[in-house]
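Here the structure comes first, spelled out in structure tokens, and everything after it is commentary.
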Amino acid sequence: MTEKTALTPKTHTTPPARFSHGVRKGNILQVAGQVGFLPAEEGRPPTPAGPTLREQTLQTLANVESILREGGARWEDVVMIRVYLTDVEHFAEMNEIYDAYFADLTEAPAARTTVYVGLPAGLLVEIDALAVLG
């Protein structure tokens, strides 16, 4: 039986409830929904990246990537990405940012984008990912 390992990179705060930023079991790694918080600083509450969708999306992708790396994965191992936006007007800009960010991937992962309004005030995007390691 393969052990399940919770992942919390040093760039992330300890989760405020009983969940993990990511979990690896065998060759499967699930990254929980990440938002555009800047790297954690001791004694400071989580701080969102700048107010723009671009700034928050790039920080969110960096946060997802740090969990992937913590679990021994990379973007090439990702088979599914889910993006949650708080504003339907952000779809086109998100697609531009996403396409540029993943331009070097040989094979793009499956993806889904939806509008979700339940994020804390000031946060515009949340992203989760599922990776399968070879």
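Naming scheme: A, B, ... for chains in displayed order of the structure tokens; residues 1 onward per chain; ligands 1 onward as shown.
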Problem set entry | Surrounding residues of Gly26 (chain A) excluding itself and chain neighbours under 5 positions, 8 Å, only C-alpha atoms, as a ChimeraX atom specification | /A:2-4
Kindly provide the residues of region 88-125 of chain A that approach region 35-53 of chain A to within 10 Å, each paired with its closest atom pair and their distance in Å to one decimal, based on only C-alpha atoms, listed by chain and increasing number, as JSON lines.
```
{"residue": "A:His90", "atom": "CA", "partner": "A:Leu53", "partner_atom": "CA", "distance": 7.6}
{"residue": "A:Glu93", "atom": "CA", "partner": "A:Leu53", "partner_atom": "CA", "distance": 7.9}
{"residue": "A:Met94", "atom": "CA", "partner": "A:Leu53", "partner_atom": "CA", "distance": 7.6}
{"residue": "A:Ile97", "atom": "CA", "partner": "A:Leu53", "partner_atom": "CA", "distance": 9.2}
{"residue": "A:Leu119", "atom": "CA", "partner": "A:Val35", "partner_atom": "CA", "distance": 8.9}
{"residue": "A:Pro120", "atom": "CA", "partner": "A:Val35", "partner_atom": "CA", "distance": 9.8}
{"residue": "A:Gly122", "atom": "CA", "partner": "A:Pro51", "partner_atom": "CA", "distance": 7.2}
{"residue": "A:Leu123", "atom": "CA", "partner": "A:Pro48", "partner_atom": "CA", "distance": 7.0}
{"residue": "A:Leu124", "atom": "CA", "partner": "A:Leu53", "partner_atom": "CA", "distance": 6.3}
{"residue": "A:Val125", "atom": "CA", "partner": "A:Val35", "partner_atom": "CA", "distance": 6.2}
```
Exercise. Which residue, A:Thr114, A:Ser20, A:Asn27, A:Gln56, has the smallest gap to Leu7 (chain A) when you use only C-alpha atoms?
Worked result: A:Ser20
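Here CA of Val117 (chain A) stands at a distance of 21.5 Å from CA of Met80 (chain A).
Coordinates place CA of Arg82 (chain A) at a distance of 8.6 Å from CA of Ala110 (chain A).
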Exercise. With distances taken over only C-alpha atoms, which of A:Phe91, A:Ile28, A:Val132, A:Gln34 is nearest to Pro15 (chain A)?
Worked result: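 Closest candidate: A:Gln34.
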For this session: Tell me, in Å to one decimal, how far CA of Arg74 (chain A) is from CA of Glu55 (chain A).
Result: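 Distance reported for this atom pair: 21.4 Å.
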Problem set entry | DSSP strand (DSSP E or B) selection over region 20-125 of chain A, as a PyMOL selection string | chain A and resi 22-25+28-34+37+48+78-85+110-115+125
Problem set entry | Nearest candidate to Ile67 (chain A) (options A:Pro109, A:Gly118, A:Gly33, A:Pro9; using only C-alpha atoms) |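 Nearest to Ile67 (chain A): A:Pro9.
Here the alpha helix (DSSP H) residues in chain A, by DSSP on the backbone, are Leu53, Arg54, Glu55, Gln56, Thr57, Leu58, Gln59, Thr60, Leu61, Ala62, Asn63, Val64, Glu65, Ser66, Ile67, Leu68, Arg69, Glu70, Phe91, Ala92, Glu93, Met94, Asn95, Glu96, Ile97, Tyr98, Asp99, Ala100 and Tyr101 of chain A.
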